[in-house]
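Data first, discussion second: the structure below is written as structure tokens.
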Amino acid sequence: MLYPHKKAGCDMKDKKGILMVSFGTTHRDTELKCINPIETAVKKIFKGFEIRRAFTSNIIIRKQAVKGIYLPSPLEAVEKMLEEGFTHLIVQPLLFIKGHEFHNKILEPLLPYRKRFSGLSIGEPLLSEESDFGQMVTILSNLSASVNGEDIVMMGHGSTHSADSVYSVLQKEIDTSHINLRIATVEGAIGFEKILPFIKKNSGPVHLFPLMLVAGDHAKNDMGGNENSWKTALELRGIKVVTHLQGMGENMKVRQIFIKHIRACKKELFPDIYRRMRDIAETEKNKIPEKVIPRFPAIDSALCYGCGLCYVFCHRGVYGFDENNKTAFVDIPGNCTGHCSRCADLCSIRAISFPD
Ligand code: SF4
Ligand code: SF4
């Protein structure tokens with residue numbers, strides 16, 4: 001669901017921005033691992049857009065201000081971008097659900113700005129469309145495989161908003177896919193005590209992961225801390241626990257979902273560009289001789305340092321990504337259109353080539 005408002009098509013005078021809005025964190029380590037890489041990927045993919053950041057949490061904004069770090073709220077950031085002459089704006093929430101933060105801090109305050117930009121589009125949070133759930137189940141299935149199918153408990157934030165039901169929907173999808181993983185939330189309907197009956201004593205360790213963008217206060221203290229945490233509550237029941245402090249923002253495939261949502265906003269704001277691209281693709285297709293020589297990329301694995309841009313960018317799903325070895329690989333070469341070469345252009349160390 002998008003909220004576009006468009007007065008004119010894209011031209012050279014357009015000043016385009018993407019505002020990435022997360023709840024925020026005061027933990028620099030997880031900010032660097034989980035928020036910064038999403039912004040870096042978006043910057044590289046959406047060339048011509050200036051990337052800005054805002055946080056929704058007033059508490060975090062205040063705490064950072066005490067340290068001398070100024071971070072705007074979404075409203076302040078948008079007001080400033082308007083003053084600076086931005087004409088087209090995409091606001092992408094780095095949130096999981098359309099809960100209070102989305103409605104109260106993003107949607108309601110920013111909708112009136114639709115008339116003040118040539119185009120304003122607000123993207124979807126992580127778990128919004130049907131396809132998002134499919135992608136998330138794949139991500140969680142890989143997570144389960146990474147701990148050999150042992151018990152996993154994930155800590156989601158949850159909400160008193162009705163959108164909290166998203167966690168139950170995701171759990172159903174997880175169960176349907178026979179993934180050994182239970183979600184519980186800090187604030188929502190599926191409290192920690194509700195999942196305890198599913199955890200069997202002496203059946204091996206329970207792996208705790210955050211189901212949050214960052215591994216901040218909740219993950220470090222409420223989930224994996226040494227006092228009054230989920231970890232200690234399980235240990236008191238004689239269960240061995242392994243804590244994983246990895247925010248979901250570290251996962252390349254999670255970034256891919258956000259990028260898909262930004263791409264949908266861009267398409268809403270600049271439909272003419274997409275129409276032109278489709279027309280060019282059609283013309284190019286007609287030019288291909290009857291006997292087509294397949295053309296697909298190869299990666300020099302000695303050079304690849306695993307930034308993941310080729311994997312995230314290729315809309316044809318040609319690339320796979322090995323999370324353990326942090327390297328991309330050509331997974332389905334036959335999917336390559338053979339003419340765009342954008343993956344090779346994106347790779348800053350020229351690790352991608354197209355052998356003749
Ligand atoms: S091949 Fe290049 S773009 Fe792809 S992951 Fe490796 S370094 Fe990044
Ligand atoms: S050339 Fe285009 S379609 Fe082929 S792998 Fe690269 S980005 Fe994907």
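If you're wondering about the labels, chains in the structure tokens are A, B, ... by order shown, residues count from 1 in each chain, ligands from 1 in order shown.
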
Neighbours of ligand 1 at 12 Å or closer, counting only C-alpha atoms and all ligand atoms: which residues, as a ChimeraX atom specification? /A:41,44-45,252,297-314,318-323,325-330,341-353

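Those residues in region 107-262 of chain A carrying a DSSP assignment of strand (DSSP E or B), computed from the backbone, are A:Gly119, A:Leu120, A:Ser121, A:Ile122, A:Ile152, A:Val153, A:Met154, A:Met155, A:Gly156, A:Leu181, A:Arg182, A:Ile183, A:Ala184, A:Thr185, A:Val206, A:His207, A:Leu208, A:Phe209, A:Pro210, A:Val241, A:Val242, A:Thr243.
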
I'd like the contact shell of region 20-29 of chain A - 9 Å cut-off, only C-alpha atoms, skipping same-chain residues fewer than 4 positions apart - returned as a count of residues only. 30

Which is closer to Thr30 (chain A) than all the others in A:Glu268, A:Pro210, A:Glu83, A:Lys253, using only C-alpha atoms? A:Pro210

Excluding Leu126 (chain A) and any residue of its chain fewer than 4 positions from it, enumerate the residues within 12 Å of it, using only C-alpha atoms, and give them as a ChimeraX atom specification. /A:22,92-99,102,130-136,166-167,170,211-213,248-249,253-262

Could the residues in this selection be saved with N, CA and C atoms as an mmCIF file, in the first residue's frame?
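Once written, part-v1.cif looks like this:
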data_model
loop_
_atom_site.group_PDB
_atom_site.id
_atom_site.type_symbol
_atom_site.label_atom_id
_atom_site.label_comp_id
_atom_site.auth_asym_id
_atom_site.auth_seq_id
_atom_site.Cartn_x
_atom_site.Cartn_y
_atom_site.Cartn_z
ATOM 1 N N SER A 22 13.960 4.416 11.032
ATOM 2 C CA SER A 22 13.940 3.252 11.936
ATOM 3 C C SER A 22 13.503 3.711 13.327
ATOM 4 N N GLN A 92 10.995 5.407 3.623
ATOM 5 C CA GLN A 92 10.967 3.954 3.810
ATOM 6 C C GLN A 92 11.100 3.607 5.285
ATOM 7 N N PRO A 93 10.034 3.083 5.897
ATOM 8 C CA PRO A 93 10.145 2.672 7.298
ATOM 9 C C PRO A 93 10.988 1.403 7.419
ATOM 10 N N LEU A 94 11.962 1.423 8.326
ATOM 11 C CA LEU A 94 12.729 0.199 8.626
ATOM 12 C C LEU A 94 12.080 -0.431 9.863
ATOM 13 N N LEU A 95 10.801 -0.684 9.743
ATOM 14 C CA LEU A 95 10.009 -1.249 10.841
ATOM 15 C C LEU A 95 9.486 -2.601 10.402
ATOM 16 N N PHE A 96 9.075 -3.425 11.353
ATOM 17 C CA PHE A 96 8.569 -4.750 11.003
ATOM 18 C C PHE A 96 7.098 -4.725 10.608
ATOM 19 N N ILE A 97 6.288 -3.950 11.348
ATOM 20 C CA ILE A 97 4.833 -3.995 11.142
ATOM 21 C C ILE A 97 4.262 -2.576 11.076
ATOM 22 N N LYS A 98 3.011 -2.499 10.657
ATOM 23 C CA LYS A 98 2.335 -1.194 10.627
ATOM 24 C C LYS A 98 1.668 -0.932 11.971
ATOM 25 N N GLY A 99 2.498 -0.785 12.990
ATOM 26 C CA GLY A 99 1.983 -0.559 14.339
ATOM 27 C C GLY A 99 1.905 0.930 14.649
ATOM 28 N N PHE A 102 4.503 3.310 12.962
ATOM 29 C CA PHE A 102 4.225 3.580 11.543
ATOM 30 C C PHE A 102 3.093 4.602 11.410
ATOM 31 N N GLU A 130 2.052 -10.210 0.881
ATOM 32 C CA GLU A 130 2.126 -11.672 0.959
ATOM 33 C C GLU A 130 3.538 -12.171 0.645
ATOM 34 N N SER A 131 4.144 -11.557 -0.392
ATOM 35 C CA SER A 131 5.477 -12.023 -0.792
ATOM 36 C C SER A 131 6.510 -11.785 0.316
ATOM 37 N N ASP A 132 6.286 -10.753 1.165
ATOM 38 C CA ASP A 132 7.232 -10.488 2.269
ATOM 39 C C ASP A 132 7.289 -11.691 3.213
ATOM 40 N N PHE A 133 6.105 -12.266 3.463
ATOM 41 C CA PHE A 133 6.048 -13.397 4.395
ATOM 42 C C PHE A 133 6.804 -14.590 3.805
ATOM 43 N N GLY A 134 6.633 -14.804 2.497
ATOM 44 C CA GLY A 134 7.339 -15.897 1.821
ATOM 45 C C GLY A 134 8.844 -15.701 1.952
ATOM 46 N N GLN A 135 9.301 -14.459 1.708
ATOM 47 C CA GLN A 135 10.740 -14.184 1.794
ATOM 48 C C GLN A 135 11.237 -14.372 3.227
ATOM 49 N N MET A 136 10.418 -13.941 4.184
ATOM 50 C CA MET A 136 10.832 -14.058 5.591
ATOM 51 C C MET A 136 10.912 -15.523 6.018
ATOM 52 N N VAL A 166 0.419 -9.736 12.981
ATOM 53 C CA VAL A 166 1.399 -10.146 11.961
ATOM 54 C C VAL A 166 2.313 -11.252 12.510
ATOM 55 N N TYR A 167 2.669 -11.155 13.796
ATOM 56 C CA TYR A 167 3.565 -12.164 14.380
ATOM 57 C C TYR A 167 2.899 -13.545 14.405
ATOM 58 N N LEU A 170 2.908 -14.865 10.844
ATOM 59 C CA LEU A 170 4.247 -15.369 10.498
ATOM 60 C C LEU A 170 4.490 -16.726 11.166
ATOM 61 N N LEU A 211 14.196 -10.927 16.772
ATOM 62 C CA LEU A 211 13.430 -10.736 15.526
ATOM 63 C C LEU A 211 13.178 -9.235 15.423
ATOM 64 N N MET A 212 14.257 -8.502 15.435
ATOM 65 C CA MET A 212 14.221 -7.039 15.415
ATOM 66 C C MET A 212 15.314 -6.573 14.459
ATOM 67 N N LEU A 213 15.161 -5.360 13.964
ATOM 68 C CA LEU A 213 16.143 -4.849 13.008
ATOM 69 C C LEU A 213 17.547 -4.807 13.618
ATOM 70 N N MET A 248 18.271 -8.340 12.667
ATOM 71 C CA MET A 248 17.844 -8.811 11.342
ATOM 72 C C MET A 248 18.408 -7.936 10.216
ATOM 73 N N GLY A 249 18.783 -6.695 10.556
ATOM 74 C CA GLY A 249 19.366 -5.803 9.546
ATOM 75 C C GLY A 249 20.691 -6.325 9.001
ATOM 76 N N LYS A 253 19.101 -10.778 2.982
ATOM 77 C CA LYS A 253 17.769 -11.007 2.407
ATOM 78 C C LYS A 253 16.717 -10.106 3.044
ATOM 79 N N VAL A 254 16.953 -9.683 4.273
ATOM 80 C CA VAL A 254 16.041 -8.716 4.903
ATOM 81 C C VAL A 254 16.182 -7.375 4.181
ATOM 82 N N ARG A 255 17.446 -7.002 3.892
ATOM 83 C CA ARG A 255 17.671 -5.752 3.145
ATOM 84 C C ARG A 255 16.954 -5.807 1.806
ATOM 85 N N GLN A 256 16.950 -6.979 1.214
ATOM 86 C CA GLN A 256 16.329 -7.147 -0.107
ATOM 87 C C GLN A 256 14.825 -6.820 -0.050
ATOM 88 N N ILE A 257 14.175 -7.170 1.055
ATOM 89 C CA ILE A 257 12.732 -6.882 1.181
ATOM 90 C C ILE A 257 12.514 -5.360 1.242
ATOM 91 N N PHE A 258 13.326 -4.670 2.041
ATOM 92 C CA PHE A 258 13.182 -3.210 2.121
ATOM 93 C C PHE A 258 13.440 -2.577 0.746
ATOM 94 N N ILE A 259 14.450 -3.086 0.047
ATOM 95 C CA ILE A 259 14.782 -2.522 -1.267
ATOM 96 C C ILE A 259 13.626 -2.743 -2.247
ATOM 97 N N LYS A 260 12.978 -3.885 -2.137
ATOM 98 C CA LYS A 260 11.790 -4.154 -2.976
ATOM 99 C C LYS A 260 10.708 -3.105 -2.703
ATOM 100 N N HIS A 261 10.525 -2.752 -1.443
ATOM 101 C CA HIS A 261 9.488 -1.765 -1.107
ATOM 102 C C HIS A 261 9.859 -0.366 -1.609
ATOM 103 N N ILE A 262 11.157 -0.042 -1.554
ATOM 104 C CA ILE A 262 11.587 1.273 -2.066
ATOM 105 C C ILE A 262 11.392 1.313 -3.583
#

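Closest approach to ligand 2 among A:Met154, A:Ile332, A:Val78, A:Ala189 is made by A:Ile332 (distances from only C-alpha atoms and all ligand atoms).
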
Which residues come within 9 Å of Thr87 (chain A), counting only C-alpha atoms, excluding same-chain residues fewer than 4 positions away, as a ChimeraX atom specification? /A:13-17,81-82,116-120

Give me the residues within 8 Å of Leu75 (chain A) as number ranges by chain, counting only C-alpha atoms and dropping any in the same chain fewer than 4 places off. A: 79, 105-106, 109-110

Write the residues you've just listed into a file as an mmCIF file, in the first residue's frame, and include N, CA and C atoms for each of them.
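Everything below was put into out-v4.cif:
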data_model
loop_
_atom_site.group_PDB
_atom_site.id
_atom_site.type_symbol
_atom_site.label_atom_id
_atom_site.label_comp_id
_atom_site.auth_asym_id
_atom_site.auth_seq_id
_atom_site.Cartn_x
_atom_site.Cartn_y
_atom_site.Cartn_z
ATOM 1 N N GLU A 79 10.554 18.105 6.942
ATOM 2 C CA GLU A 79 10.470 19.581 6.912
ATOM 3 C C GLU A 79 11.782 20.157 6.369
ATOM 4 N N LYS A 105 4.001 8.057 13.886
ATOM 5 C CA LYS A 105 5.232 8.829 13.660
ATOM 6 C C LYS A 105 5.529 9.029 12.172
ATOM 7 N N ILE A 106 4.905 8.212 11.322
ATOM 8 C CA ILE A 106 5.234 8.323 9.897
ATOM 9 C C ILE A 106 3.994 8.706 9.086
ATOM 10 N N PRO A 109 1.642 12.056 10.455
ATOM 11 C CA PRO A 109 2.293 13.372 10.319
ATOM 12 C C PRO A 109 2.761 13.694 8.902
ATOM 13 N N LEU A 110 3.096 12.662 8.103
ATOM 14 C CA LEU A 110 3.701 12.955 6.798
ATOM 15 C C LEU A 110 2.699 13.043 5.652
#

Would you pick out the contacts of Ile179 (chain A) at 9 Å or less, using only C-alpha atoms, so that residues sharing its chain but fewer than 5 positions from it are not included, and give the list as a list in words? Val137, Leu140, Ser141, Ser144, Gly149 and Ile174 of chain A

Output as a ChimeraX atom specification all residues of region 206-324 of chain A that backbone DSSP marks as helix (DSSP H, G or I). /A:217-223,230-236,248-250,252-269,271-287,309-313

Selected residues written out with C-alpha atoms, as a compact mmCIF listing (two decimals), in the first residue's frame:
# COMPACT_ATOMS: atom_id res chain seq x y z
CA ASP A 217 18.67 -3.02 24.48
CA HIS A 218 15.93 -5.64 24.14
CA ALA A 219 18.27 -8.22 22.63
CA LYS A 220 21.21 -7.54 24.93
CA ASN A 221 19.25 -7.18 28.18
CA ASP A 222 15.69 -8.58 27.99
CA MET A 223 16.62 -11.51 25.75
CA TRP A 230 14.60 -14.88 28.62
CA LYS A 231 18.02 -16.52 28.81
CA THR A 232 18.00 -16.73 32.62
CA ALA A 233 14.34 -17.81 32.66
CA LEU A 234 15.21 -20.77 30.42
CA GLU A 235 18.38 -21.60 32.31
CA LEU A 236 16.43 -21.68 35.58
CA MET A 248 17.84 -8.81 11.34
CA GLY A 249 19.37 -5.80 9.55
CA GLU A 250 22.58 -7.85 9.23
CA MET A 252 21.16 -9.52 3.24
CA LYS A 253 17.77 -11.01 2.41
CA VAL A 254 16.04 -8.72 4.90
CA ARG A 255 17.67 -5.75 3.14
CA GLN A 256 16.33 -7.15 -0.11
CA ILE A 257 12.73 -6.88 1.18
CA PHE A 258 13.18 -3.21 2.12
CA ILE A 259 14.78 -2.52 -1.27
CA LYS A 260 11.79 -4.15 -2.98
CA HIS A 261 9.49 -1.77 -1.11
CA ILE A 262 11.59 1.27 -2.07
CA ARG A 263 11.55 0.12 -5.69
CA ALA A 264 7.72 -0.02 -5.55
CA CYS A 265 7.66 3.59 -4.27
CA LYS A 266 10.01 4.71 -7.04
CA LYS A 267 7.77 3.06 -9.59
CA GLU A 268 4.78 4.94 -8.18
CA LEU A 269 6.61 8.26 -8.31
CA PRO A 271 5.91 5.57 -13.77
CA ASP A 272 7.16 7.14 -17.03
CA ILE A 273 10.72 5.96 -16.40
CA TYR A 274 9.51 2.39 -15.84
CA ARG A 275 7.34 2.55 -18.94
CA ARG A 276 10.37 3.71 -20.94
CA MET A 277 12.54 0.93 -19.47
CA ARG A 278 9.88 -1.63 -20.38
CA ASP A 279 9.68 -0.27 -23.92
CA ILE A 280 13.47 -0.41 -24.29
CA ALA A 281 13.52 -3.99 -22.97
CA GLU A 282 10.80 -4.94 -25.47
CA THR A 283 12.72 -3.35 -28.38
CA GLU A 284 15.94 -5.06 -27.30
CA LYS A 285 14.11 -8.39 -27.06
CA ASN A 286 12.91 -8.05 -30.63
CA LYS A 287 16.46 -7.39 -31.80
CA LEU A 309 25.06 -5.64 -4.18
CA CYS A 310 24.87 -7.96 -7.19
CA TYR A 311 22.69 -10.36 -5.18
CA VAL A 312 20.39 -7.63 -3.91
CA PHE A 313 20.18 -5.75 -7.18

Interatomic distance (Å, one decimal) between CA of Lys47 (chain A) and CA of Leu19 (chain A): 14.1 Å

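Atom pair CA of His157 (chain A) / CA of Gly188 (chain A) has a distance of 7.2 Å (rounded to one decimal).
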